[in-house]
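Quick look at my_file-v2.csv (CSV, C-alpha atoms):
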```
chain,number,residue,atom,x,y,z
A,90,MET,CA,-139.4,36.5,225.7
A,91,THR,CA,-137.6,38.8,228.2
A,92,GLN,CA,-133.9,39.4,227.8
A,93,GLY,CA,-133.2,37.6,231.1
A,94,LYS,CA,-135.1,34.5,230.0
A,95,SER,CA,-133.3,34.6,226.6
A,96,VAL,CA,-129.9,34.7,228.3
A,97,SER,CA,-130.9,31.9,230.7
A,98,MET,CA,-132.1,29.8,227.7
A,99,GLY,CA,-128.8,30.5,225.9
A,100,LEU,CA,-126.8,29.5,228.9
A,101,LEU,CA,-128.8,26.3,229.2
A,102,ALA,CA,-128.1,25.5,225.5
A,103,LEU,CA,-124.4,26.1,225.9
A,104,THR,CA,-124.3,24.0,229.1
A,105,THR,CA,-125.9,21.2,227.3
A,106,LEU,CA,-123.4,21.5,224.5
A,107,ALA,CA,-120.5,21.5,227.0
A,108,THR,CA,-121.9,18.4,228.6
A,109,ALA,CA,-122.1,16.6,225.3
A,110,LEU,CA,-118.6,17.8,224.4
A,111,ALA,CA,-117.3,16.3,227.6
A,112,GLN,CA,-119.1,13.0,226.9
A,113,THR,CA,-118.6,12.5,223.2
A,114,PRO,CA,-117.6,13.7,219.6
A,115,SER,CA,-116.5,13.0,215.4
A,116,ASP,CA,-114.9,14.4,212.2
A,117,VAL,CA,-114.6,17.7,210.4
A,118,ARG,CA,-113.9,19.2,207.1
A,119,PRO,CA,-110.1,19.6,206.8
A,120,PRO,CA,-110.1,23.4,206.5
A,121,GLU,CA,-111.9,23.7,209.8
A,122,LEU,CA,-109.7,21.2,211.7
A,123,GLY,CA,-106.9,21.8,214.0
A,124,SER,CA,-103.8,19.7,213.5
A,125,ALA,CA,-104.8,17.0,216.1
A,126,GLN,CA,-108.3,16.8,214.7
A,127,ARG,CA,-107.0,16.7,211.1
A,128,GLU,CA,-104.8,13.7,212.0
A,129,VAL,CA,-107.7,11.8,213.5
A,130,ALA,CA,-109.9,12.6,210.5
A,131,LEU,CA,-107.1,11.5,208.0
A,132,ASN,CA,-106.5,8.2,209.9
A,133,SER,CA,-110.2,7.5,209.9
A,134,ARG,CA,-110.5,8.3,206.2
A,135,THR,CA,-107.4,6.2,205.3
A,136,ALA,CA,-108.8,3.2,207.1
A,137,ALA,CA,-112.2,3.6,205.5
A,138,ARG,CA,-110.6,4.0,202.0
A,139,ASN,CA,-108.6,0.8,202.5
A,140,ASP,CA,-111.4,-1.4,203.8
A,141,CYS,CA,-114.9,-1.0,202.6
A,142,SER,CA,-116.0,-4.1,204.4
A,143,ALA,CA,-114.9,-2.6,207.8
A,144,VAL,CA,-117.2,0.3,207.2
A,145,LEU,CA,-120.0,-2.1,206.3
A,146,ARG,CA,-119.4,-4.1,209.5
A,147,GLN,CA,-119.9,-0.9,211.5
A,148,ILE,CA,-123.3,-0.3,209.8
A,149,ASP,CA,-124.5,-3.8,209.4
A,150,GLY,CA,-122.5,-6.9,210.1
A,151,GLN,CA,-124.8,-9.1,208.0
A,152,ALA,CA,-124.5,-6.9,205.0
A,153,ALA,CA,-120.8,-7.0,205.2
A,154,SER,CA,-120.5,-10.8,205.2
A,155,GLY,CA,-119.3,-12.1,201.9
A,156,MET,CA,-118.3,-8.8,200.5
A,157,GLY,CA,-114.7,-8.0,199.5
A,158,ALA,CA,-112.5,-5.0,200.3
A,159,GLY,CA,-112.4,-1.8,198.2
A,160,ASP,CA,-114.6,1.2,197.7
A,161,SER,CA,-116.7,-0.5,195.1
A,162,CYS,CA,-117.8,-3.4,197.3
A,163,VAL,CA,-121.4,-2.4,197.2
A,164,SER,CA,-123.5,-1.0,194.3
A,165,SER,CA,-124.6,2.7,194.2
A,166,ARG,CA,-128.1,1.6,195.2
A,167,GLU,CA,-126.8,-0.4,198.2
A,168,GLN,CA,-124.6,2.5,199.2
A,169,SER,CA,-127.6,4.8,199.3
A,170,GLN,CA,-129.6,2.4,201.4
A,171,LEU,CA,-126.8,1.8,203.8
A,172,ALA,CA,-126.0,5.5,204.0
A,173,GLU,CA,-129.7,6.3,204.9
A,174,ARG,CA,-129.7,3.6,207.6
A,175,PHE,CA,-126.3,4.9,208.9
A,176,VAL,CA,-127.6,8.5,209.0
A,177,ASN,CA,-130.8,7.5,210.9
A,178,GLU,CA,-128.7,5.5,213.4
A,179,ARG,CA,-126.3,8.4,214.0
A,180,LEU,CA,-129.2,10.8,214.3
A,181,SER,CA,-130.6,8.7,217.2
A,182,VAL,CA,-127.1,8.6,218.9
A,183,TRP,CA,-126.4,12.3,218.6
A,184,SER,CA,-129.9,13.4,219.5
A,185,LYS,CA,-129.5,11.6,222.8
A,186,ARG,CA,-126.0,13.0,223.4
A,187,LEU,CA,-127.3,16.5,222.8
A,188,ASN,CA,-130.4,16.0,225.0
A,189,LEU,CA,-132.7,16.6,222.0
A,190,GLU,CA,-134.8,13.5,222.7
A,191,GLY,CA,-138.0,15.6,223.3
A,192,TRP,CA,-137.8,16.7,219.7
A,193,GLN,CA,-139.3,14.8,216.7
A,194,ILE,CA,-136.4,14.9,214.3
A,195,SER,CA,-136.3,13.2,210.9
A,196,VAL,CA,-133.7,13.1,208.1
A,197,ILE,CA,-134.4,13.5,204.4
A,198,MET,CA,-131.7,12.5,201.9
A,199,THR,CA,-131.7,15.4,199.5
A,200,ARG,CA,-130.2,15.9,196.0
A,201,ARG,CA,-127.5,18.6,195.8
A,202,ASP,CA,-129.6,20.8,193.6
A,203,ASP,CA,-132.3,21.0,196.3
A,204,LEU,CA,-129.8,22.2,198.9
A,205,LYS,CA,-128.5,25.8,199.4
A,206,ALA,CA,-125.4,26.5,197.3
A,207,ASN,CA,-122.2,25.3,198.9
A,208,THR,CA,-123.9,23.3,201.6
A,209,LEU,CA,-124.1,19.6,202.3
A,210,GLY,CA,-127.3,19.8,204.4
A,211,GLY,CA,-129.7,22.0,206.3
A,212,VAL,CA,-132.3,22.0,209.1
A,213,ARG,CA,-135.7,23.5,209.5
A,214,TRP,CA,-137.5,23.4,212.8
A,215,ASP,CA,-140.7,24.4,214.5
A,216,LYS,CA,-140.0,25.2,218.2
A,217,GLY,CA,-143.6,25.2,219.2
A,218,LYS,CA,-144.1,21.6,217.9
A,219,LYS,CA,-140.6,20.6,218.8
A,220,SER,CA,-140.1,19.1,215.4
A,221,ALA,CA,-137.3,19.3,212.9
A,222,VAL,CA,-136.3,18.0,209.5
A,223,ILE,CA,-132.6,17.7,208.6
A,224,ARG,CA,-131.6,17.5,205.0
A,225,VAL,CA,-128.4,15.5,204.2
A,226,GLN,CA,-126.9,15.4,200.7
A,227,ASP,CA,-127.9,12.2,199.0
A,228,ALA,CA,-125.2,9.5,198.5
A,229,SER,CA,-125.6,9.6,194.8
A,230,ASP,CA,-124.2,13.2,194.7
A,231,TYR,CA,-121.0,12.4,196.7
A,232,ARG,CA,-117.7,11.8,194.9
A,233,LEU,CA,-115.9,10.5,198.0
A,234,PRO,CA,-115.0,6.9,199.0
A,235,PHE,CA,-117.8,5.2,200.9
A,236,GLY,CA,-116.3,5.6,204.4
A,237,GLU,CA,-115.4,9.3,203.9
A,238,MET,CA,-118.9,9.9,202.6
A,239,LEU,CA,-120.4,8.4,205.8
A,240,ASN,CA,-118.0,10.5,208.0
A,241,ASP,CA,-119.2,13.6,206.1
A,242,MET,CA,-122.9,12.7,206.5
A,243,GLU,CA,-122.4,12.2,210.2
A,244,LEU,CA,-120.7,15.6,210.5
A,245,THR,CA,-123.7,17.1,208.7
A,246,ILE,CA,-126.1,15.5,211.2
A,247,VAL,CA,-124.1,16.7,214.2
A,248,HIS,CA,-123.7,20.2,212.7
A,249,GLU,CA,-127.5,20.6,212.1
A,250,LEU,CA,-128.3,19.2,215.6
A,251,VAL,CA,-126.0,21.8,217.1
A,252,HIS,CA,-128.0,24.5,215.2
A,253,LEU,CA,-131.1,23.0,216.6
A,254,GLU,CA,-129.7,23.0,220.1
A,255,LEU,CA,-128.9,26.7,219.7
A,256,SER,CA,-132.4,27.5,218.3
A,257,SER,CA,-133.5,29.2,221.5
A,258,LEU,CA,-130.8,31.9,221.2
A,259,PRO,CA,-131.6,35.2,219.5
A,260,ARG,CA,-130.7,35.2,215.8
A,261,SER,CA,-130.1,37.9,213.3
A,262,GLU,CA,-128.7,38.1,209.8
A,263,ALA,CA,-125.6,39.8,211.2
A,264,SER,CA,-125.0,36.9,213.7
A,265,ARG,CA,-125.5,34.2,211.1
A,266,ARG,CA,-121.9,33.9,209.9
A,267,ASN,CA,-120.5,33.8,213.5
A,268,GLU,CA,-123.1,31.2,214.4
A,269,GLU,CA,-122.1,29.1,211.4
A,270,HIS,CA,-118.5,29.2,212.3
A,271,ALA,CA,-119.1,28.4,216.0
A,272,VAL,CA,-121.4,25.5,215.0
A,273,SER,CA,-118.8,24.1,212.6
A,274,GLN,CA,-116.2,24.2,215.3
A,275,ILE,CA,-118.4,22.6,218.0
A,276,ALA,CA,-119.6,19.8,215.6
A,277,GLY,CA,-116.0,19.1,214.5
A,278,ALA,CA,-114.8,18.9,218.1
A,279,LEU,CA,-117.7,16.6,219.1
A,280,LEU,CA,-117.0,14.3,216.3
A,281,GLY,CA,-113.2,14.4,216.8
A,282,LEU,CA,-113.6,13.4,220.4
A,283,ASP,CA,-116.0,10.6,219.5
A,284,ARG,CA,-113.6,9.1,217.0
A,285,GLN,CA,-110.7,9.1,219.4
A,286,ARG,CA,-112.6,6.7,221.7
```

Rendering of file as structure tokens:
Amino acid sequence: MTQGKSVSMGLLALTTLATALAQTPSDVRPPELGSAQREVALNSRTAARNDCSAVLRQIDGQAASGMGAGDSCVSSREQSQLAERFVNERLSVWSKRLNLEGWQISVIMTRRDDLKANTLGGVRWDKGKKSAVIRVQDASDYRLPFGEMLNDMELTIVHELVHLELSSLPRSEASRRNEEHAVSQIAGALLGLDRQR
């Protein structure tokens, strides 16, 4: 690929991200958040912690009927099933928002030991086939209230999709840390905006 074409592809990817940023967004890990984003995240987390049934209604109105409030309103197995359904639904939403509909993207719930150290997920892609697999930490390995866990899983999905969106840009070991920081900031901003709606 010529350098001019590489720059054009990079600008296209950034334009797509800017468009998505203007249209949407969600939540971020507290150390990465600005004060306004942190407040949105904390309010969202407080609400989720106080009412598990509200979180369930967002995922599946039928599943929520007849269940009481509190973080233990569903079993671990049910949490895993609901989390997987939630992650797939959010993947569909965010793939459209980031104009990645031409890609075949799947999610695999993955045990912590099978992920890179200090990560909650990862993505592998094949540009030629336009296919990608996103790994998200399995619900059984989380030690967060149910709503916070779902927020974190959605952040992982958006984070990995942003990596995918930037896959056409040149990469090197030296640029990896900068890319990771930029991707975290973009994903956090997108989610923060989405949750303000």

Fill in: Pairwise distance for atom CA of Asn207 of chain A and atom CA of Leu280 of chain A, rounded to one decimal in Å
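These two atoms are separated by 21.2 Å.
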
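One distance worth recording is that between atom CA of Ser181 of chain A and atom CA of Glu254 of chain A, which is 14.6 Å.
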
Item to complete: List the residues sitting within 10 Å of (-124.5, 5.2, 197.1) in the file's frame, using only C-alpha atoms, as a list in words.
Response: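 Here the neighbourhood of the point contains Ser161, Val163, Ser164, Ser165, Arg166, Glu167, Gln168, Ser169, Gln170, Leu171, Ala172, Glu173, Asp227, Ala228, Ser229, Asp230, Tyr231, Arg232, Pro234, Phe235 and Met238 of chain A.
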
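Computed from the coordinates, the atom CA of Ile194 of chain A to atom CA of Ile223 of chain A distance equals 7.4 Å.
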
Quick one: residues within 8 Å of Met242 of chain A, only C-alpha atoms, excluding same-chain residues fewer than 3 positions away - as a PDB file with C-alpha atoms, in the coordinates of the input?
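Full text of part.pdb as output:
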```
ATOM      1  CA  VAL A 176    -127.600   8.500 209.000  1.00  0.00           C
ATOM      2  CA  VAL A 225    -128.400  15.500 204.200  1.00  0.00           C
ATOM      3  CA  GLN A 226    -126.900  15.400 200.700  1.00  0.00           C
ATOM      4  CA  MET A 238    -118.900   9.900 202.600  1.00  0.00           C
ATOM      5  CA  LEU A 239    -120.400   8.400 205.800  1.00  0.00           C
ATOM      6  CA  THR A 245    -123.700  17.100 208.700  1.00  0.00           C
ATOM      7  CA  ILE A 246    -126.100  15.500 211.200  1.00  0.00           C
TER       8      ILE A 246
END
```

Discussion item. Can you pull out the residues contacting Glu190 of chain A? Cut-off 12 Å, using all atoms listed in the file, and skip same-chain residues under 4 positions away; I want them as number ranges by chain.
Written reply: A: 180-186, 194-195, 219-221, 250, 253-254

Item to complete: Identify which of the residues A:Pro259, A:Gly217, A:Gly211, A:Gly281 lies closest to Asn240 of chain A, counting all atoms listed in the file when measuring atom-to-atom distances.
Response: A:Gly281

Worksheet item: Of the candidates A:Ala263, A:Leu204, A:Leu233, A:Ala271, which one gets nearest to Val251 of chain A if we count only C-alpha atoms?
Response: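 Distance minimum relative to Val251 of chain A lands on A:Ala271.
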
Taking all heavy atoms as the atom set, what does segment 193-204 of chain A look like once completed, written as an mmCIF file, keeping the file's coordinate frame?
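Result written to part10.cif:
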```
data_model
loop_
_atom_site.group_PDB
_atom_site.id
_atom_site.type_symbol
_atom_site.label_atom_id
_atom_site.label_comp_id
_atom_site.auth_asym_id
_atom_site.auth_seq_id
_atom_site.Cartn_x
_atom_site.Cartn_y
_atom_site.Cartn_z
ATOM 1 N N GLN A 193 -139.044 15.715 217.790
ATOM 2 C CA GLN A 193 -139.300 14.800 216.700
ATOM 3 C C GLN A 193 -138.421 15.208 215.548
ATOM 4 O O GLN A 193 -138.726 16.215 214.906
ATOM 5 C CB GLN A 193 -140.771 14.769 216.306
ATOM 6 C CG GLN A 193 -141.709 14.252 217.375
ATOM 7 C CD GLN A 193 -141.469 12.785 217.658
ATOM 8 O OE1 GLN A 193 -141.225 11.989 216.762
ATOM 9 N NE2 GLN A 193 -141.516 12.422 218.924
ATOM 10 N N ILE A 194 -137.336 14.476 215.300
ATOM 11 C CA ILE A 194 -136.400 14.900 214.300
ATOM 12 C C ILE A 194 -136.309 13.779 213.213
ATOM 13 O O ILE A 194 -136.166 12.605 213.539
ATOM 14 C CB ILE A 194 -134.973 15.094 214.872
ATOM 15 C CG1 ILE A 194 -135.051 16.075 216.044
ATOM 16 C CG2 ILE A 194 -134.002 15.597 213.807
ATOM 17 C CD1 ILE A 194 -133.764 16.153 216.867
ATOM 18 N N SER A 195 -136.405 14.189 211.956
ATOM 19 C CA SER A 195 -136.300 13.200 210.900
ATOM 20 C C SER A 195 -135.214 13.706 209.890
ATOM 21 O O SER A 195 -134.845 14.879 209.885
ATOM 22 C CB SER A 195 -137.628 13.048 210.144
ATOM 23 O OG SER A 195 -138.070 14.277 209.625
ATOM 24 N N VAL A 196 -134.721 12.761 209.095
ATOM 25 C CA VAL A 196 -133.700 13.100 208.100
ATOM 26 C C VAL A 196 -134.271 12.763 206.721
ATOM 27 O O VAL A 196 -134.931 11.741 206.526
ATOM 28 C CB VAL A 196 -132.429 12.212 208.310
ATOM 29 C CG1 VAL A 196 -131.439 12.428 207.191
ATOM 30 C CG2 VAL A 196 -131.790 12.531 209.645
ATOM 31 N N ILE A 197 -133.991 13.665 205.792
ATOM 32 C CA ILE A 197 -134.400 13.500 204.400
ATOM 33 C C ILE A 197 -133.078 13.511 203.573
ATOM 34 O O ILE A 197 -132.334 14.495 203.647
ATOM 35 C CB ILE A 197 -135.338 14.531 203.890
ATOM 36 C CG1 ILE A 197 -136.638 14.475 204.678
ATOM 37 C CG2 ILE A 197 -135.594 14.376 202.404
ATOM 38 C CD1 ILE A 197 -137.597 15.605 204.330
ATOM 39 N N MET A 198 -132.828 12.457 202.818
ATOM 40 C CA MET A 198 -131.700 12.500 201.900
ATOM 41 C C MET A 198 -132.104 13.339 200.715
ATOM 42 O O MET A 198 -133.156 13.120 200.112
ATOM 43 C CB MET A 198 -131.339 11.050 201.457
ATOM 44 C CG MET A 198 -131.048 10.096 202.620
ATOM 45 S SD MET A 198 -129.777 10.676 203.760
ATOM 46 C CE MET A 198 -128.308 10.223 202.854
ATOM 47 N N THR A 199 -131.283 14.337 200.397
ATOM 48 C CA THR A 199 -131.700 15.400 199.500
ATOM 49 C C THR A 199 -130.628 15.542 198.357
ATOM 50 O O THR A 199 -129.431 15.545 198.631
ATOM 51 C CB THR A 199 -131.819 16.727 200.218
ATOM 52 O OG1 THR A 199 -132.716 16.531 201.307
ATOM 53 C CG2 THR A 199 -132.337 17.814 199.319
ATOM 54 N N ARG A 200 -131.088 15.678 197.148
ATOM 55 C CA ARG A 200 -130.200 15.900 196.000
ATOM 56 C C ARG A 200 -129.497 17.252 196.161
ATOM 57 O O ARG A 200 -130.071 18.200 196.690
ATOM 58 C CB ARG A 200 -130.930 15.811 194.690
ATOM 59 C CG ARG A 200 -131.542 14.442 194.383
ATOM 60 C CD ARG A 200 -130.549 13.296 194.399
ATOM 61 N NE ARG A 200 -129.413 13.484 193.553
ATOM 62 C CZ ARG A 200 -129.255 12.937 192.355
ATOM 63 N NH1 ARG A 200 -130.179 12.147 191.859
ATOM 64 N NH2 ARG A 200 -128.166 13.159 191.660
ATOM 65 N N ARG A 201 -128.278 17.338 195.680
ATOM 66 C CA ARG A 201 -127.500 18.600 195.800
ATOM 67 C C ARG A 201 -128.197 19.783 195.270
ATOM 68 O O ARG A 201 -128.130 20.861 195.876
ATOM 69 C CB ARG A 201 -126.146 18.363 195.035
ATOM 70 C CG ARG A 201 -125.248 19.583 195.117
ATOM 71 C CD ARG A 201 -123.971 19.414 194.333
ATOM 72 N NE ARG A 201 -123.239 18.266 194.822
ATOM 73 C CZ ARG A 201 -122.441 17.512 194.073
ATOM 74 N NH1 ARG A 201 -122.283 17.774 192.795
ATOM 75 N NH2 ARG A 201 -121.800 16.498 194.587
ATOM 76 N N ASP A 202 -128.892 19.648 194.160
ATOM 77 C CA ASP A 202 -129.600 20.800 193.600
ATOM 78 C C ASP A 202 -130.706 21.339 194.447
ATOM 79 O O ASP A 202 -131.134 22.474 194.262
ATOM 80 C CB ASP A 202 -130.169 20.407 192.196
ATOM 81 C CG ASP A 202 -129.087 20.114 191.167
ATOM 82 O OD1 ASP A 202 -127.923 20.504 191.395
ATOM 83 O OD2 ASP A 202 -129.404 19.495 190.140
ATOM 84 N N ASP A 203 -131.190 20.540 195.393
ATOM 85 C CA ASP A 203 -132.300 21.000 196.300
ATOM 86 C C ASP A 203 -131.754 21.567 197.590
ATOM 87 O O ASP A 203 -132.551 21.942 198.459
ATOM 88 C CB ASP A 203 -133.215 19.803 196.571
ATOM 89 C CG ASP A 203 -133.927 19.332 195.315
ATOM 90 O OD1 ASP A 203 -134.199 20.171 194.430
ATOM 91 O OD2 ASP A 203 -134.206 18.116 195.208
ATOM 92 N N LEU A 204 -130.436 21.626 197.758
ATOM 93 C CA LEU A 204 -129.800 22.200 198.900
ATOM 94 C C LEU A 204 -129.330 23.634 198.587
ATOM 95 O O LEU A 204 -129.120 23.943 197.413
ATOM 96 C CB LEU A 204 -128.629 21.390 199.422
ATOM 97 C CG LEU A 204 -128.961 19.998 199.941
ATOM 98 C CD1 LEU A 204 -127.675 19.192 200.120
ATOM 99 C CD2 LEU A 204 -129.724 20.093 201.259
#
```
